[in-house]
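Take a look at the structure set out below.
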Amino acid sequence: MRGRPVGKHRGVAHEFAVWAPESTSVDLVLPGPGGDRTAPMTAGSGGWWHRTVPEAGPGTDYAFSLDGGEPLPDPRSRWQPHGVHAASRLVEVEPSPADAAWTGRSLPGSVIYEMHVGTFTPGGTFASAEERLDHLVDLGVDLVEVLPVNAFDGTRGWGYDGVLWYAVTENYGGPAAFRRFVDACHARGLGVVLDVVYNHLGPSGAYLDRFGPYFLGENVWGPSLNLDGPGSDTVRAYILDNVTMWLRDFGVDALRLDAVHALRDARATHLLEEMADHVAALSAHLRRPLTLIAESDLNDPRLITPREAGGYGLDAQWCDDIHHALHSTLTGETQGYYVDFGALASLAEVLHHPFHHAGTWSTFRGRTHGRPVDLLRTPGHRFLAYLQDHDQVGNRAAGDRLSATVSPGLLGCGAALVFCSPYTPMIFMGEEWGARTPWAFFVGFDDPELSAAVRDGRTREFAEHGWGAADVPDPTALSTFEASRLDWSEPSRSPHADLLGIYRELIALRRAHPELTDPHLDPVRVDHDDEARTLVVHRGGLRLAVNLGASPAPLSLTASEVLFAPSGVDVSGSTLTLPPESFALVRT
């Protein structure tokens, strides 16, 4: 919230402020047991309205009435204890004393774990997620990526329908609980990545446009933010101040920026470049690394090229081409956007050049797409590699994971290719033990008409791809949400425990051998044999040999030491023979 308390303690005063440049009058509404009390606000410069209220402080509920209209929540509210349509509540969220001892986590060399708080544990809260953090430490994770926690309408959802970006959803415990979760992560040496959405607002509770020119056009998901039209200076500040809040006040270490290709900005300095510059300055002030990770469909290396070299200066981006090549190779699926990824050569290519579409033809798009990455100057850690993520699982009709169709052996092979790559590995929650629970799309809107529209839209979308209505879980049903929760009894049972052991060992090997965290892309070489379905990835003096086929595969490879071969391997002179659907990491 822009207004800052005049005094440090409750009972002194609080200055309320709101940007409403198109309003002729603004009233501060203070709900109370005897009814609402209103107080006119004073117009200031730049379209801001102000009112100082004695005795107001943390715990005070308030709202704004524009030109005599209904009370609306504060666009910069940090707490919505009664939902996104109700009054806001003052809360102090400030840097924790523990922040002084926390030195942060850098992205290079790290392993990321993607988590949806609501389905990570049966409790579905920040507090219950804390109870499972030791599992991540034992696994070898460095950074915990949390799906969006901003306030959205309803009792459940992925978090991408947020409408009050400064408020932490009460569904998971609210702002104080999130701050405690961050502290709990830091106490265990885990950094926190927060998924944030600046490209649109959700369909229910998006009142920003009533306050001022926040919106300019729409995209496929909803109203777009006004980044380059009249009034956009304050809208951009609204986003950058939100970035500051998460990184400074909540102690978050990195932000994952959702679908940046949907940001419409025609200014000379793009919002992403301005954000990168802003975060670099904040990082210097806080004296710990702060990271910006983009999700982008553009295959444009300019996003992660340093500003000094003419790029936007983001630190990293998700790389779907790597995922698509892995998924298509392991499953045999070549429909939709997998159409160009079926060949083993495609997988071999993306293991050293992250963009398969790099100014080349994309059959799915019906045009050329992307731009090449400079392999000599761009470090591999700037690209996140993953077998699964929330989108690639949850946007399947049934929300089925790879473990539903792929053998444990091939799951292990896929994991080895990710962890032995020059990229930053990311794990989707439960993937490490081959979770059998699905992770479907789900919502919990209170509005029955909106719920029906979501349900019908989801059914129509998958019907176009040949799925019947019975094949698509009802996204509005509570049972769909509950079925998506992880089953924590699985990791201790076979075959889940075996795969979990493989993940732990691969991460430990990555930490033990600098060849595996070396981010240089140019020296990486990948040999492949289409007929035998084998690959050999060269990482310095190490070789990752992978047999994706159904028969034993002899490879011409001299191994002086076998570092890890969970299914065994036969080494005879200059020949290394792999069992079916297996891998071996060796030193030559």
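Ordering of the structure tokens sets the chain letters (A, B, ...); residue numbers start at 1 within each chain; ligands are numbered from 1 in the order shown.
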
What parts of segment 154-266 of chain A does DSSP call alpha helix (DSSP H)? I'd like the answer as a ChimeraX atom specification.
/A:175-187,208-211,232-244

Could those residues be written to a file, using N, CA and C atoms, as a tab-separated table (two decimals), in the first residue's frame?
chain	number	residue	atom	x	y	z
A	175	PRO	N	-0.95	-13.23	4.67
A	175	PRO	CA	0.40	-12.65	4.53
A	175	PRO	C	1.38	-13.07	5.63
A	176	ALA	N	0.94	-13.08	6.88
A	176	ALA	CA	1.87	-13.44	7.96
A	176	ALA	C	2.34	-14.88	7.82
A	177	ALA	N	1.44	-15.76	7.39
A	177	ALA	CA	1.81	-17.16	7.21
A	177	ALA	C	2.80	-17.33	6.07
A	178	PHE	N	2.65	-16.54	5.02
A	178	PHE	CA	3.62	-16.63	3.91
A	178	PHE	C	4.99	-16.14	4.35
A	179	ARG	N	5.02	-15.06	5.13
A	179	ARG	CA	6.31	-14.58	5.62
A	179	ARG	C	6.99	-15.63	6.49
A	180	ARG	N	6.20	-16.34	7.30
A	180	ARG	CA	6.77	-17.42	8.12
A	180	ARG	C	7.27	-18.57	7.24
A	181	PHE	N	6.54	-18.85	6.17
A	181	PHE	CA	6.98	-19.91	5.25
A	181	PHE	C	8.32	-19.56	4.62
A	182	VAL	N	8.48	-18.32	4.20
A	182	VAL	CA	9.76	-17.89	3.62
A	182	VAL	C	10.87	-18.04	4.65
A	183	ASP	N	10.61	-17.62	5.88
A	183	ASP	CA	11.62	-17.75	6.94
A	183	ASP	C	11.96	-19.21	7.19
A	184	ALA	N	10.96	-20.08	7.14
A	184	ALA	CA	11.20	-21.51	7.36
A	184	ALA	C	12.07	-22.08	6.25
A	185	CYS	N	11.85	-21.64	5.02
A	185	CYS	CA	12.69	-22.08	3.91
A	185	CYS	C	14.12	-21.62	4.12
A	186	HIS	N	14.28	-20.35	4.43
A	186	HIS	CA	15.62	-19.80	4.62
A	186	HIS	C	16.36	-20.49	5.77
A	187	ALA	N	15.63	-20.84	6.82
A	187	ALA	CA	16.26	-21.51	7.97
A	187	ALA	C	16.84	-22.85	7.57
A	208	LEU	N	-9.65	-2.95	-10.73
A	208	LEU	CA	-8.64	-1.94	-10.98
A	208	LEU	C	-9.11	-0.86	-11.94
A	209	ASP	N	-9.85	-1.25	-12.98
A	209	ASP	CA	-10.24	-0.27	-13.99
A	209	ASP	C	-11.21	0.77	-13.44
A	210	ARG	N	-11.84	0.50	-12.30
A	210	ARG	CA	-12.72	1.50	-11.70
A	210	ARG	C	-11.92	2.63	-11.06
A	211	PHE	N	-10.70	2.33	-10.68
A	211	PHE	CA	-9.85	3.33	-10.03
A	211	PHE	C	-9.14	4.23	-11.04
A	232	SER	N	0.18	5.35	-17.88
A	232	SER	CA	0.91	4.09	-17.69
A	232	SER	C	2.12	4.23	-16.77
A	233	ASP	N	2.61	5.46	-16.52
A	233	ASP	CA	3.71	5.60	-15.57
A	233	ASP	C	3.33	5.05	-14.20
A	234	THR	N	2.11	5.39	-13.75
A	234	THR	CA	1.66	4.92	-12.44
A	234	THR	C	1.33	3.43	-12.46
A	235	VAL	N	0.84	2.93	-13.59
A	235	VAL	CA	0.56	1.50	-13.71
A	235	VAL	C	1.85	0.70	-13.65
A	236	ARG	N	2.88	1.18	-14.33
A	236	ARG	CA	4.17	0.49	-14.27
A	236	ARG	C	4.74	0.53	-12.86
A	237	ALA	N	4.57	1.67	-12.18
A	237	ALA	CA	5.02	1.77	-10.78
A	237	ALA	C	4.26	0.79	-9.90
A	238	TYR	N	2.99	0.55	-10.23
A	238	TYR	CA	2.18	-0.42	-9.49
A	238	TYR	C	2.81	-1.80	-9.56
A	239	ILE	N	3.34	-2.15	-10.71
A	239	ILE	CA	3.99	-3.46	-10.89
A	239	ILE	C	5.35	-3.47	-10.20
A	240	LEU	N	6.15	-2.44	-10.42
A	240	LEU	CA	7.50	-2.44	-9.86
A	240	LEU	C	7.48	-2.36	-8.34
A	241	ASP	N	6.52	-1.63	-7.78
A	241	ASP	CA	6.39	-1.60	-6.32
A	241	ASP	C	5.99	-2.97	-5.79
A	242	ASN	N	5.20	-3.71	-6.56
A	242	ASN	CA	4.83	-5.07	-6.16
A	242	ASN	C	6.05	-5.98	-6.17
A	243	VAL	N	6.89	-5.83	-7.17
A	243	VAL	CA	8.15	-6.59	-7.23
A	243	VAL	C	8.98	-6.31	-5.97
A	244	THR	N	9.09	-5.03	-5.62
A	244	THR	CA	9.86	-4.66	-4.44
A	244	THR	C	9.28	-5.29	-3.17

Near-Val546 of chain A list (8 Å; only C-alpha atoms; drop same-chain fewer than 5 positions) as a PDB file with N, CA, C and O atoms, in the first residue's frame:
ATOM      1  N   CYS A 413      15.612 -42.273 -16.889  1.00  0.00           N
ATOM      2  CA  CYS A 413      16.411 -41.776 -18.017  1.00  0.00           C
ATOM      3  C   CYS A 413      16.140 -40.305 -18.261  1.00  0.00           C
ATOM      4  O   CYS A 413      17.063 -39.509 -18.492  1.00  0.00           O
ATOM      5  N   THR A 534      19.626 -44.700 -28.488  1.00  0.00           N
ATOM      6  CA  THR A 534      20.611 -44.383 -27.457  1.00  0.00           C
ATOM      7  C   THR A 534      21.143 -42.968 -27.655  1.00  0.00           C
ATOM      8  O   THR A 534      21.145 -42.426 -28.761  1.00  0.00           O
ATOM      9  N   LEU A 535      21.575 -42.395 -26.548  1.00  0.00           N
ATOM     10  CA  LEU A 535      22.251 -41.097 -26.563  1.00  0.00           C
ATOM     11  C   LEU A 535      23.459 -41.165 -25.657  1.00  0.00           C
ATOM     12  O   LEU A 535      23.450 -41.872 -24.642  1.00  0.00           O
ATOM     13  N   VAL A 536      24.481 -40.410 -26.003  1.00  0.00           N
ATOM     14  CA  VAL A 536      25.642 -40.236 -25.137  1.00  0.00           C
ATOM     15  C   VAL A 536      25.909 -38.736 -25.039  1.00  0.00           C
ATOM     16  O   VAL A 536      26.190 -38.083 -26.053  1.00  0.00           O
ATOM     17  N   LEU A 578      24.303 -51.252 -21.954  1.00  0.00           N
ATOM     18  CA  LEU A 578      23.237 -50.794 -21.053  1.00  0.00           C
ATOM     19  C   LEU A 578      22.035 -51.713 -21.147  1.00  0.00           C
ATOM     20  O   LEU A 578      21.633 -52.117 -22.243  1.00  0.00           O
ATOM     21  N   GLU A 581      16.018 -49.431 -21.269  1.00  0.00           N
ATOM     22  CA  GLU A 581      15.449 -48.303 -20.520  1.00  0.00           C
ATOM     23  C   GLU A 581      16.277 -47.992 -19.277  1.00  0.00           C
ATOM     24  O   GLU A 581      15.787 -48.013 -18.145  1.00  0.00           O
ATOM     25  N   SER A 582      17.530 -47.692 -19.504  1.00  0.00           N
ATOM     26  CA  SER A 582      18.431 -47.433 -18.383  1.00  0.00           C
ATOM     27  C   SER A 582      19.469 -46.399 -18.784  1.00  0.00           C
ATOM     28  O   SER A 582      19.574 -46.015 -19.950  1.00  0.00           O
ATOM     29  N   PHE A 583      20.256 -45.973 -17.795  1.00  0.00           N
ATOM     30  CA  PHE A 583      21.325 -45.013 -18.067  1.00  0.00           C
ATOM     31  C   PHE A 583      22.510 -45.327 -17.174  1.00  0.00           C
ATOM     32  O   PHE A 583      22.393 -46.040 -16.163  1.00  0.00           O
ATOM     33  N   ALA A 584      23.642 -44.772 -17.540  1.00  0.00           N
ATOM     34  CA  ALA A 584      24.842 -44.874 -16.711  1.00  0.00           C
ATOM     35  C   ALA A 584      25.638 -43.586 -16.864  1.00  0.00           C
ATOM     36  O   ALA A 584      25.790 -43.071 -17.975  1.00  0.00           O
TER      37      ALA A 584
END

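Residues in contact range of Thr329 of chain A, defined as at most 9 Å between only C-alpha atoms, with sequence neighbours fewer than 3 positions away removed, read His324, Ala325, Leu326, Gly332, Glu333, Thr334, Phe341, Gly342, Ala343, Leu344, Ser346, Leu347 and Leu548 of chain A.
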
Need the shell around segment 43-59 of chain A: protein/DNA/RNA residues with any atom at most 12 Å away, counting only C-alpha atoms. Skip same-chain ones fewer than 5 positions apart. Format as a PDB file with C-alpha atoms, in the first residue's frame?
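Result file selection16.pdb:
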ATOM      1  CA  ARG A   2       1.397   3.409  -0.964  1.00  0.00           C
ATOM      2  CA  GLY A   3       0.384   5.110   2.284  1.00  0.00           C
ATOM      3  CA  ARG A   4       2.852   4.631   5.121  1.00  0.00           C
ATOM      4  CA  PRO A   5       1.967   4.829   8.856  1.00  0.00           C
ATOM      5  CA  VAL A   6       2.651   8.269  10.344  1.00  0.00           C
ATOM      6  CA  GLY A   7       3.558   6.573  13.614  1.00  0.00           C
ATOM      7  CA  LYS A   8       5.310   3.296  14.163  1.00  0.00           C
ATOM      8  CA  HIS A   9       2.718   1.795  16.468  1.00  0.00           C
ATOM      9  CA  ARG A  10      -0.982   1.168  16.263  1.00  0.00           C
ATOM     10  CA  GLY A  11      -2.952   3.901  17.919  1.00  0.00           C
ATOM     11  CA  VAL A  12      -0.998   6.805  16.384  1.00  0.00           C
ATOM     12  CA  ALA A  13      -2.235   7.379  12.835  1.00  0.00           C
ATOM     13  CA  HIS A  14      -2.211   5.969   9.365  1.00  0.00           C
ATOM     14  CA  GLU A  15      -2.159   7.783   6.051  1.00  0.00           C
ATOM     15  CA  PHE A  16      -4.418   6.129   3.499  1.00  0.00           C
ATOM     16  CA  ALA A  17      -3.704   6.804  -0.172  1.00  0.00           C
ATOM     17  CA  VAL A  18      -5.208   5.629  -3.436  1.00  0.00           C
ATOM     18  CA  TRP A  19      -4.695   6.481  -7.101  1.00  0.00           C
ATOM     19  CA  ALA A  20      -8.004   7.454  -8.722  1.00  0.00           C
ATOM     20  CA  PRO A  21      -7.194  10.104 -11.350  1.00  0.00           C
ATOM     21  CA  GLU A  22     -10.587   9.996 -13.055  1.00  0.00           C
ATOM     22  CA  SER A  23     -12.724  10.364  -9.911  1.00  0.00           C
ATOM     23  CA  THR A  24     -14.197  13.678  -8.728  1.00  0.00           C
ATOM     24  CA  SER A  25     -14.520  12.475  -5.142  1.00  0.00           C
ATOM     25  CA  VAL A  26     -13.143   9.595  -3.083  1.00  0.00           C
ATOM     26  CA  ASP A  27     -14.305   8.556   0.368  1.00  0.00           C
ATOM     27  CA  LEU A  28     -12.472   6.361   2.825  1.00  0.00           C
ATOM     28  CA  VAL A  29     -14.899   3.760   4.186  1.00  0.00           C
ATOM     29  CA  LEU A  30     -14.187   2.326   7.643  1.00  0.00           C
ATOM     30  CA  PRO A  31     -16.516  -0.600   8.472  1.00  0.00           C
ATOM     31  CA  GLY A  32     -17.445  -1.037  12.108  1.00  0.00           C
ATOM     32  CA  ARG A  37     -18.075   5.354   8.721  1.00  0.00           C
ATOM     33  CA  THR A  38     -16.998   7.463   5.745  1.00  0.00           C
ATOM     34  CA  PHE A  64     -12.631   3.217  -0.938  1.00  0.00           C
ATOM     35  CA  SER A  65     -15.793   4.666  -2.457  1.00  0.00           C
ATOM     36  CA  LEU A  66     -15.326   6.406  -5.813  1.00  0.00           C
ATOM     37  CA  ARG A  78      -1.853  -6.621   1.497  1.00  0.00           C
ATOM     38  CA  TRP A  79      -4.612  -8.478   3.298  1.00  0.00           C
ATOM     39  CA  GLN A  80      -8.111  -9.528   2.227  1.00  0.00           C
ATOM     40  CA  PRO A  81      -9.274 -11.685   5.127  1.00  0.00           C
ATOM     41  CA  ALA A  87     -12.903  -4.591   2.640  1.00  0.00           C
ATOM     42  CA  SER A  88      -9.123  -4.560   2.948  1.00  0.00           C
ATOM     43  CA  ARG A  89      -7.301  -4.807   6.276  1.00  0.00           C
ATOM     44  CA  LEU A  90      -4.138  -3.040   7.345  1.00  0.00           C
ATOM     45  CA  VAL A  91      -1.246  -5.350   8.137  1.00  0.00           C
ATOM     46  CA  GLU A  92       2.440  -4.749   8.721  1.00  0.00           C
ATOM     47  CA  VAL A  93       4.621  -6.977   6.573  1.00  0.00           C
ATOM     48  CA  PHE A 211      -9.850   3.328 -10.032  1.00  0.00           C
ATOM     49  CA  GLY A 212      -8.051   4.493 -13.149  1.00  0.00           C
ATOM     50  CA  PRO A 213      -6.572   3.564 -16.551  1.00  0.00           C
ATOM     51  CA  GLY A 231      -1.439   7.032 -17.208  1.00  0.00           C
ATOM     52  CA  SER A 232       0.913   4.092 -17.688  1.00  0.00           C
ATOM     53  CA  ASP A 233       3.715   5.601 -15.569  1.00  0.00           C
ATOM     54  CA  THR A 234       1.664   4.924 -12.436  1.00  0.00           C
TER      55      THR A 234
END

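Distances from A:Gly366, A:Pro473, A:Pro372, A:Gly430 to Asp340 of chain A were compared using only C-alpha atoms, and the smallest one belongs to A:Gly366.
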
As an exercise, work out the distance from atom CA of Arg460 of chain A to atom CA of Ser224 of chain A in Å and give it to one decimal place.
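If I compute the distance from atom CA of Arg460 of chain A to atom CA of Ser224 of chain A, I get 24.2 Å.
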
So what do you get for atom CA of Arg76 of chain A versus atom CA of Gly104 of chain A, distance-wise?
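Distance reported for this atom pair: 26.8 Å.
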
If we count only C-alpha atoms, what is near Val144 of chain A at a cut-off of 9 Å, once residues fewer than 6 positions away on the same chain are taken out, given as a list in words?
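Result of the neighbour search: Val111, Ile112, Tyr113, Glu114, Met115, Leu136, Cys185, Leu190, Gly191, Val192, Val193 and Leu194 of chain A.
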
Distance criterion (only C-alpha atoms): nearest to Arg455 of chain A out of A:Gly174, A:Gly140, A:Pro475, A:Gly434:
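Once distances to Arg455 of chain A are computed over only C-alpha atoms, the minimum belongs to A:Pro475.
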
To one decimal place, how far is atom CA of Gly154 of chain A from atom CA of Asp400 of chain A in Å?
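Separation of atom CA of Gly154 of chain A and atom CA of Asp400 of chain A: 24.3 Å.
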
Report the residues of segment 115-191 of chain A whose backbone DSSP state falls under strand (DSSP E or B), written as JSON, numbers by chain.
{"A": [115, 143, 144, 145, 146, 150, 151, 152, 157, 162, 163, 164, 165, 166, 167, 168, 191]}

All residues 9 Å or closer to Thr331 of chain A, only C-alpha atoms, same chain fewer than 6 positions away omitted, as a list in words:
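Surrounding residues, per the criterion: Leu402, Thr405 and Val406 of chain A.
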
Pick out the closest residue to Val537 of chain A from this set: A:Gly157, A:Pro97, A:Pro408, A:Pro422. Count only C-alpha atoms.
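Looking at the shortest contact to Val537 of chain A, the residue is A:Pro422.
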
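Once segment 481-497 of chain A and its same-chain neighbours fewer than 2 positions away are set aside, A:Thr119, A:Phe120, A:Thr121, A:Pro122, A:Gly430, A:Trp433, A:Gly434, A:Thr437, A:Pro438, A:Trp439, A:Ala440, A:Phe442, A:Leu478, A:Ser479, A:Leu499, A:Leu500, A:Gly501 remain within 7 Å of it when counting only C-alpha atoms.
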
Selected residues written out with N, CA, C and O atoms, as an mmCIF file, in the first residue's frame:
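After the write, out_20.cif holds the following:
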data_model
loop_
_atom_site.group_PDB
_atom_site.id
_atom_site.type_symbol
_atom_site.label_atom_id
_atom_site.label_comp_id
_atom_site.auth_asym_id
_atom_site.auth_seq_id
_atom_site.Cartn_x
_atom_site.Cartn_y
_atom_site.Cartn_z
ATOM 1 N N THR A 119 -2.086 -28.028 -3.016
ATOM 2 C CA THR A 119 -2.121 -29.474 -3.265
ATOM 3 C C THR A 119 -0.817 -30.168 -2.875
ATOM 4 O O THR A 119 -0.692 -31.381 -3.048
ATOM 5 N N PHE A 120 0.131 -29.427 -2.349
ATOM 6 C CA PHE A 120 1.402 -30.031 -1.936
ATOM 7 C C PHE A 120 1.214 -30.943 -0.733
ATOM 8 O O PHE A 120 1.864 -31.980 -0.607
ATOM 9 N N THR A 121 0.306 -30.570 0.164
ATOM 10 C CA THR A 121 0.024 -31.371 1.358
ATOM 11 C C THR A 121 -1.486 -31.496 1.535
ATOM 12 O O THR A 121 -2.252 -30.718 0.957
ATOM 13 N N PRO A 122 -1.936 -32.450 2.341
ATOM 14 C CA PRO A 122 -3.384 -32.535 2.618
ATOM 15 C C PRO A 122 -3.939 -31.265 3.235
ATOM 16 O O PRO A 122 -5.091 -30.902 2.990
ATOM 17 N N GLY A 430 6.250 -33.946 -6.602
ATOM 18 C CA GLY A 430 5.832 -35.341 -6.738
ATOM 19 C C GLY A 430 6.519 -36.078 -7.857
ATOM 20 O O GLY A 430 6.544 -37.313 -7.865
ATOM 21 N N TRP A 433 9.245 -38.864 -7.096
ATOM 22 C CA TRP A 433 8.935 -40.255 -6.751
ATOM 23 C C TRP A 433 7.943 -40.881 -7.725
ATOM 24 O O TRP A 433 7.406 -41.950 -7.467
ATOM 25 N N GLY A 434 7.697 -40.213 -8.852
ATOM 26 C CA GLY A 434 6.767 -40.763 -9.837
ATOM 27 C C GLY A 434 5.352 -40.807 -9.302
ATOM 28 O O GLY A 434 4.657 -41.828 -9.411
ATOM 29 N N THR A 437 -0.771 -39.577 -8.428
ATOM 30 C CA THR A 437 -1.897 -38.644 -8.356
ATOM 31 C C THR A 437 -1.846 -37.705 -9.553
ATOM 32 O O THR A 437 -0.772 -37.220 -9.930
ATOM 33 N N PRO A 438 -2.985 -37.415 -10.169
ATOM 34 C CA PRO A 438 -2.992 -36.447 -11.267
ATOM 35 C C PRO A 438 -2.828 -35.034 -10.717
ATOM 36 O O PRO A 438 -2.857 -34.816 -9.497
ATOM 37 N N TRP A 439 -2.640 -34.090 -11.608
ATOM 38 C CA TRP A 439 -2.683 -32.684 -11.217
ATOM 39 C C TRP A 439 -3.476 -31.964 -12.294
ATOM 40 O O TRP A 439 -2.953 -31.588 -13.346
ATOM 41 N N ALA A 440 -4.759 -31.832 -12.040
ATOM 42 C CA ALA A 440 -5.686 -31.328 -13.048
ATOM 43 C C ALA A 440 -5.929 -29.832 -12.871
ATOM 44 O O ALA A 440 -5.529 -29.227 -11.876
ATOM 45 N N PHE A 442 -8.243 -26.855 -11.846
ATOM 46 C CA PHE A 442 -9.356 -26.752 -10.905
ATOM 47 C C PHE A 442 -9.563 -25.302 -10.504
ATOM 48 O O PHE A 442 -8.628 -24.489 -10.491
ATOM 49 N N LEU A 478 -15.053 -30.171 -6.314
ATOM 50 C CA LEU A 478 -14.109 -30.289 -5.214
ATOM 51 C C LEU A 478 -13.277 -31.554 -5.348
ATOM 52 O O LEU A 478 -12.091 -31.575 -5.008
ATOM 53 N N SER A 479 -13.879 -32.617 -5.884
ATOM 54 C CA SER A 479 -13.176 -33.895 -6.019
ATOM 55 C C SER A 479 -11.973 -33.780 -6.966
ATOM 56 O O SER A 479 -10.966 -34.468 -6.775
ATOM 57 N N LEU A 499 12.669 -44.611 -7.487
ATOM 58 C CA LEU A 499 12.855 -43.429 -8.319
ATOM 59 C C LEU A 499 13.319 -42.247 -7.477
ATOM 60 O O LEU A 499 14.187 -41.463 -7.905
ATOM 61 N N LEU A 500 12.779 -42.110 -6.264
ATOM 62 C CA LEU A 500 13.215 -41.040 -5.373
ATOM 63 C C LEU A 500 14.706 -41.164 -5.081
ATOM 64 O O LEU A 500 15.430 -40.161 -5.055
ATOM 65 N N GLY A 501 15.175 -42.381 -4.899
ATOM 66 C CA GLY A 501 16.609 -42.594 -4.677
ATOM 67 C C GLY A 501 17.439 -42.168 -5.878
ATOM 68 O O GLY A 501 18.544 -41.626 -5.727
#
